[in-house]
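**Student:** I'm passing along data-v7.cif; it holds mmCIF, C-alpha atoms and all ligand atoms.
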data_work
loop_
_atom_site.label_atom_id
_atom_site.label_comp_id
_atom_site.auth_asym_id
_atom_site.auth_seq_id
_atom_site.Cartn_x
_atom_site.Cartn_y
_atom_site.Cartn_z
CA MET Y 21 29.52 -109.20 71.03
CA LYS Y 22 30.02 -106.47 68.47
CA GLU Y 23 33.58 -107.53 67.62
CA LEU Y 24 32.51 -111.13 67.33
CA ILE Y 25 29.66 -110.42 64.94
CA ILE Y 26 31.86 -108.23 62.78
CA SER Y 27 34.67 -110.74 62.62
CA ASN Y 28 32.20 -113.57 61.90
CA LEU Y 29 30.73 -111.52 59.08
CA LYS Y 30 34.19 -111.05 57.59
CA GLN Y 31 34.76 -114.78 57.71
CA VAL Y 32 31.44 -115.54 56.07
CA HIS Y 33 32.14 -113.07 53.27
CA GLN Y 34 35.54 -114.67 52.86
CA ARG Y 35 33.91 -118.10 52.58
CA ILE Y 36 31.51 -116.75 49.95
CA GLU Y 37 34.40 -115.22 47.99
CA ASN Y 38 36.44 -118.41 48.12
CA ALA Y 39 33.50 -120.54 47.06
CA CYS Y 40 32.76 -118.18 44.18
CA SER Y 41 36.32 -118.16 42.98
CA ILE Y 42 36.56 -121.96 43.11
CA SER Y 43 33.49 -122.32 40.94
CA GLY Y 44 34.34 -119.36 38.73
CA ARG Y 45 31.34 -117.33 39.77
CA ASP Y 46 31.02 -113.62 40.29
CA VAL Y 47 30.70 -112.60 43.96
CA SER Y 48 28.02 -110.11 43.01
CA ASP Y 49 25.92 -113.09 41.96
CA VAL Y 50 25.57 -114.33 45.53
CA GLN Y 51 23.73 -112.35 48.17
CA LEU Y 52 24.13 -112.87 51.89
CA LEU Y 53 20.89 -113.07 53.85
CA LEU Y 54 21.24 -112.99 57.62
CA ALA Y 55 19.00 -115.64 59.17
CA THR Y 56 18.08 -113.80 62.33
CA LYS Y 57 15.67 -116.03 64.22
CA THR Y 58 16.21 -115.63 67.99
CA VAL Y 59 18.82 -112.91 67.30
CA SER Y 60 18.17 -109.63 69.10
CA ALA Y 61 17.40 -106.46 67.17
CA GLU Y 62 20.55 -104.95 68.69
CA SER Y 63 22.73 -107.69 67.23
CA ILE Y 64 21.04 -107.33 63.86
CA LYS Y 65 21.73 -103.62 64.00
CA ILE Y 66 25.43 -104.28 64.49
CA ALA Y 67 25.49 -106.39 61.33
CA VAL Y 68 23.58 -103.76 59.39
CA GLU Y 69 25.95 -101.05 60.50
CA ALA Y 70 28.74 -103.28 59.21
CA GLY Y 71 27.09 -103.13 55.79
CA GLU Y 72 24.53 -105.93 55.62
CA THR Y 73 21.23 -105.19 53.90
CA LEU Y 74 19.15 -108.35 53.91
CA ILE Y 75 17.63 -110.32 56.78
CA GLY Y 76 15.28 -113.26 57.01
CA GLU Y 77 12.96 -114.04 59.91
CA ASN Y 78 11.07 -117.28 60.59
CA LYS Y 79 8.33 -116.14 62.89
CA MET Y 80 5.70 -113.49 62.78
CA GLN Y 81 6.13 -112.81 66.48
CA GLU Y 82 9.81 -111.98 66.08
CA LEU Y 83 9.20 -109.74 63.09
CA ARG Y 84 6.74 -107.78 65.17
CA ASP Y 85 8.85 -107.66 68.32
CA LYS Y 86 11.94 -106.39 66.50
CA ASN Y 87 10.07 -104.00 64.23
CA GLN Y 88 10.59 -100.94 66.39
CA ILE Y 89 14.33 -101.09 65.78
CA LEU Y 90 14.40 -102.80 62.38
CA LYS Y 91 12.03 -100.40 60.68
CA GLU Y 92 14.62 -97.63 61.01
CA LEU Y 93 17.28 -99.69 59.26
CA PRO Y 94 17.96 -99.66 55.49
CA ILE Y 95 17.30 -103.35 55.02
CA GLU Y 96 15.10 -105.74 53.16
CA ARG Y 97 13.18 -108.16 55.36
CA HIS Y 98 12.31 -111.58 54.01
CA PHE Y 99 10.09 -114.15 55.63
CA ILE Y 100 11.77 -117.57 55.49
CA GLY Y 101 9.72 -119.68 57.93
CA HIS Y 102 6.57 -121.70 57.48
CA LEU Y 103 3.74 -119.21 57.10
CA GLN Y 104 0.26 -119.85 58.38
CA THR Y 105 -2.51 -118.53 56.20
CA ASN Y 106 -4.11 -116.61 59.06
CA LYS Y 107 -0.91 -114.62 59.59
CA VAL Y 108 -0.69 -113.27 56.06
CA LYS Y 109 -2.09 -109.88 56.89
CA ASP Y 110 0.35 -109.37 59.75
CA VAL Y 111 3.38 -110.60 57.87
CA LEU Y 112 2.68 -108.20 55.03
CA LYS Y 113 3.12 -105.32 57.44
CA TYR Y 114 6.76 -106.21 57.94
CA ALA Y 115 8.11 -108.37 55.12
CA ASN Y 116 9.21 -107.34 51.61
CA CYS Y 117 9.35 -110.88 50.37
CA ILE Y 118 8.06 -114.31 51.33
CA GLN Y 119 10.57 -117.04 50.54
CA SER Y 120 8.38 -119.84 51.84
CA LEU Y 121 5.44 -119.92 49.46
CA ASP Y 122 4.52 -123.60 49.40
CA ARG Y 123 0.82 -123.98 48.65
CA LEU Y 124 -2.03 -122.59 46.61
CA SER Y 125 -4.17 -121.58 49.58
CA LEU Y 126 -1.34 -119.37 50.83
CA ALA Y 127 -0.86 -117.80 47.39
CA GLN Y 128 -4.58 -117.04 47.24
CA GLU Y 129 -4.66 -115.53 50.70
CA LEU Y 130 -1.64 -113.36 49.87
CA ASP Y 131 -3.35 -112.28 46.67
CA LYS Y 132 -6.53 -111.34 48.50
CA GLN Y 133 -4.70 -109.15 50.97
CA LEU Y 134 -2.34 -107.64 48.39
CA GLN Y 135 -5.27 -106.68 46.22
CA ARG Y 136 -6.83 -104.91 49.18
CA GLU Y 137 -3.59 -103.04 49.72
CA ASN Y 138 -3.18 -102.47 46.02
CA ARG Y 139 0.37 -103.75 45.85
CA GLN Y 140 2.58 -106.60 44.77
CA LEU Y 141 4.95 -108.88 46.64
CA ASP Y 142 8.13 -110.76 45.78
CA VAL Y 143 7.94 -114.47 46.49
CA TYR Y 144 10.13 -117.55 46.28
CA ILE Y 145 8.64 -121.01 45.93
CA GLN Y 146 9.85 -123.30 48.70
CA VAL Y 147 10.71 -126.78 47.50
CA ASN Y 148 11.35 -129.81 49.66
CA THR Y 149 14.35 -131.16 47.78
CA SER Y 150 15.47 -133.46 50.58
CA PHE Y 151 12.23 -135.46 50.61
CA GLU Y 152 12.12 -135.30 54.42
CA GLU Y 153 8.68 -135.28 55.94
CA SER Y 154 9.74 -132.80 58.60
CA LYS Y 155 10.48 -130.12 56.01
CA PHE Y 156 7.97 -127.85 54.37
CA GLY Y 157 7.90 -127.06 50.70
CA LEU Y 158 6.42 -128.41 47.50
CA ALA Y 159 7.46 -131.80 46.27
CA PRO Y 160 9.82 -131.31 43.30
CA ASN Y 161 7.32 -132.79 40.85
CA ASP Y 162 4.64 -130.36 41.97
CA VAL Y 163 6.61 -127.20 41.25
CA LEU Y 164 5.75 -126.81 37.56
CA PRO Y 165 2.01 -127.46 37.97
CA PHE Y 166 2.02 -125.05 40.93
CA LEU Y 167 3.68 -122.34 38.86
CA HIS Y 168 1.08 -122.79 36.17
CA GLN Y 169 -1.59 -122.25 38.81
CA ILE Y 170 -0.09 -119.15 40.37
CA LYS Y 171 1.27 -117.42 37.29
CA LYS Y 172 -2.18 -115.90 36.83
CA ILE Y 173 -1.90 -114.19 40.20
CA LYS Y 174 -0.66 -110.76 39.25
CA THR Y 175 0.08 -109.55 42.77
CA LEU Y 176 2.86 -112.11 43.20
CA ASN Y 177 6.26 -111.56 41.58
CA ILE Y 178 7.96 -114.92 41.34
CA LYS Y 179 11.59 -114.23 42.13
CA GLY Y 180 13.01 -117.67 42.64
CA LEU Y 181 13.12 -121.00 44.42
CA MET Y 182 14.12 -121.73 47.99
CA THR Y 183 15.17 -124.92 49.70
CA ILE Y 184 16.56 -125.91 53.05
CA GLY Y 185 18.19 -129.01 51.68
CA LEU Y 186 19.42 -132.03 53.50
CA LEU Y 187 21.69 -131.25 56.40
CA ASP Y 188 24.17 -133.96 57.09
CA VAL Y 189 27.71 -134.25 58.34
CA GLU Y 190 28.66 -135.82 55.04
CA LYS Y 191 28.96 -133.35 52.22
CA GLU Y 192 28.26 -135.84 49.51
CA LYS Y 193 24.86 -136.47 51.04
CA MET Y 194 23.92 -132.79 51.01
CA LYS Y 195 24.78 -132.15 47.38
CA PRO Y 196 21.85 -133.84 45.58
CA SER Y 197 19.21 -131.77 47.37
CA LEU Y 198 20.98 -128.56 46.34
CA ARG Y 199 21.58 -129.68 42.79
CA LEU Y 200 17.94 -130.65 42.47
CA LEU Y 201 16.80 -127.07 43.07
CA ARG Y 202 18.93 -125.91 40.16
CA GLU Y 203 17.59 -128.69 37.97
CA ILE Y 204 14.04 -127.66 38.79
CA ARG Y 205 14.88 -124.10 37.79
CA ASP Y 206 16.32 -125.30 34.49
CA GLU Y 207 13.18 -127.29 33.88
CA ILE Y 208 11.07 -124.17 34.52
CA TYR Y 209 13.17 -122.28 31.95
CA THR Y 210 12.44 -124.86 29.29
CA ASP Y 211 8.70 -124.39 29.76
CA ASN Y 212 8.11 -121.41 27.49
CA THR Y 213 4.51 -120.97 28.49
CA LEU Y 214 5.57 -119.98 32.00
CA GLU Y 215 7.66 -117.09 30.70
CA LEU Y 216 9.85 -117.15 33.76
CA ASN Y 217 13.51 -116.24 33.60
CA ASP Y 218 16.15 -114.88 35.88
CA LEU Y 219 14.95 -116.95 38.83
CA LYS Y 220 17.15 -116.88 41.91
CA LEU Y 221 18.11 -119.90 43.96
CA SER Y 222 17.95 -119.38 47.71
CA MET Y 223 19.95 -122.18 49.28
CA GLY Y 224 22.95 -122.70 51.51
CA MET Y 225 23.19 -122.25 55.26
CA SER Y 226 26.12 -122.16 57.69
CA GLN Y 227 26.86 -125.82 57.11
CA ASP Y 228 26.53 -126.04 53.34
CA LEU Y 229 27.29 -122.54 52.07
CA GLU Y 230 30.20 -123.65 49.85
CA LEU Y 231 28.31 -126.58 48.37
CA ALA Y 232 25.30 -124.38 47.65
CA ILE Y 233 27.42 -121.81 45.84
CA ALA Y 234 29.04 -124.56 43.80
CA GLU Y 235 25.54 -125.67 42.82
CA GLY Y 236 24.49 -122.18 41.75
CA SER Y 237 23.01 -120.50 44.81
CA ASN Y 238 22.20 -116.79 44.54
CA VAL Y 239 21.10 -116.23 48.13
CA VAL Y 240 22.82 -117.92 51.06
CA ARG Y 241 20.93 -117.73 54.35
CA ILE Y 242 23.36 -117.71 57.23
CA GLY Y 243 22.60 -117.62 60.95
CA THR Y 244 24.87 -119.68 63.20
CA SER Y 245 28.17 -118.75 61.54
CA ILE Y 246 27.42 -115.10 62.21
CA PHE Y 247 25.43 -114.96 65.42
CA GLY Y 248 26.40 -118.21 67.12
CA ASN Y 249 24.32 -121.16 68.24
CA ARG Y 250 20.65 -120.69 68.94
CA PHE Y 251 19.86 -123.29 71.59
CA LEU Y 252 16.52 -124.04 70.05
CA GLY Y 253 14.34 -127.09 69.97
CA LYS Y 254 13.92 -129.10 66.84
CA GLU Y 255 10.93 -127.19 65.54
CA ILE Y 256 12.86 -124.22 64.21
CA TRP Y 257 11.34 -124.49 60.75
CA ASN Y 258 7.84 -124.38 62.00
CA GLU Y 259 6.06 -121.09 62.43
CA ASN Y 260 3.11 -123.00 63.96
CA ILE Y 261 5.04 -123.87 67.08
CA THR Y 262 5.45 -120.87 69.29
CA GLU Y 263 7.83 -121.09 72.16
C1 LIG D 301 17.82 -120.80 60.51
C2 LIG D 301 17.68 -120.82 59.08
C3 LIG D 301 18.78 -120.66 58.23
C4 LIG D 301 20.19 -120.47 58.75
O1 LIG D 301 20.68 -121.62 59.35
P1 LIG D 301 22.13 -121.65 60.05
O2 LIG D 301 22.47 -123.07 60.08
O3 LIG D 301 21.97 -121.04 61.40
O4 LIG D 301 23.04 -120.84 59.21
C5 LIG D 301 18.54 -120.67 56.88
N1 LIG D 301 17.32 -120.85 56.36
C6 LIG D 301 16.24 -121.02 57.13
C7 LIG D 301 14.92 -121.20 56.49
C8 LIG D 301 16.39 -121.02 58.51
O5 LIG D 301 15.31 -121.20 59.27
#
Translate this structure into structure tokens?

**Tutor:**
Amino acid sequence: MKELIISNLKQVHQRIENACSISGRDVSDVQLLLATKTVSAESIKIAVEAGETLIGENKMQELRDKNQILKELPIERHFIGHLQTNKVKDVLKYANCIQSLDRLSLAQELDKQLQRENRQLDVYIQVNTSFEESKFGLAPNDVLPFLHQIKKIKTLNIKGLMTIGLLDVEKEKMKPSLRLLREIRDEIYTDNTLELNDLKLSMGMSQDLELAIAEGSNVVRIGTSIFGNRFLGKEIWNENITE
């Protein structure tokens, strides 16, 4: 298991390097986030000991269950799954960043709790760039109005945009949903009243890592290529469904 994870990690870093060099980007511009849903804390620890520093979990339950081991590790923990408003308080115990902010009620609930704890939180806005009903995230056209609403919330540091994108066997079909996230970011930059700059793009998974880097990704979220197949049902995006 250990050897496999380490050699998979090497391959993934190699893929990132190749993709960066093809599109003339600096490797330091692209961070690897380990998507660790269903992965044991022991396996995560192996990856961290090999030098990884960033993980993303999809479910509150898993964050809690693995906390005993993960809290000792020098890593940043992001929440990348659909987050129910009633789990905000719990998630804040374990996560440094929420990448799946997708609605005003969630932003307000986060704000309420963060104010109580007298702290701030990094967030990414999740956008549904593939227009699939099964995916969470704001509709592309709603992103700017949403940012205008939440920019007044001082407890939230808006770090970037996140998308899952369209997963398809055909590369050409996946591209537009990745490119769209970058276009939305560019549109945000042209709105001076938002005063947002240096936004990161979190996109690219095992299947579309190279495409995502070509389209400007700054955070690739990789699970399967590192830890193997998950044998999960189809509801992996949904925090509401507990197994
Ligand atoms: C599982 C997951 C990933 C990683 O997907 P793989 O195909 O296993 O690399 C990335 N982002 C999110 C939000 C995920 O839930």

**Student:** Which residues form the shell of 8 Å around ligand LIG 301 (chain D) when you count all atoms listed in the file, given as a list in words?

**Tutor:**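 Going residue by residue within 8 Å of ligand LIG 301 (chain D), we get Leu54, Ala55, Thr56, Lys57, Gly76, Glu77, Asn78, Ile100, Gly101, Thr183, Ile184, Met223, Gly224, Met225, Ser226, Gln227, Val240, Arg241, Ile242, Gly243, Thr244, Ser245, Ile246, Gly248, Asn249, Arg250, Ile256 and Trp257 of chain Y.
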
**Student:** One number please: atom CA of Y:Asp46 to atom CA of Y:Ile233, in Å, one decimal.

**Tutor:**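 One can read the atom CA of Y:Asp46 to atom CA of Y:Ile233 distance as 10.5 Å.
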
**Student:** What's the 8 Å shell around stretch 170-172 of chain Y, counting only C-alpha atoms, without same-chain residues fewer than 5 positions away, as a PDB file with C-alpha atoms, keeping the file's coordinate frame?

**Tutor:**
ATOM      1  CA  LEU Y 124      -2.030-122.590  46.610  1.00  0.00           C
ATOM      2  CA  ALA Y 127      -0.860-117.800  47.390  1.00  0.00           C
ATOM      3  CA  LEU Y 214       5.570-119.980  32.000  1.00  0.00           C
TER       4      LEU Y 214
END

**Student:** Pick from Y:Phe247, Y:Asn161, Y:Glu152, Y:Leu231: nearest to Y:Thr58, with all atoms listed in the file counted?

**Tutor:**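 Checking each candidate against Y:Thr58, we get Y:Phe247 as the closest.
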
**Student:** Report the distance between atom CA of Y:Ser222 and atom CA of Y:Met182 in Å, rounded to one decimal place.

**Tutor:**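 Taking atom CA of Y:Ser222 as the start and atom CA of Y:Met182 as the end point, the length is 4.5 Å.
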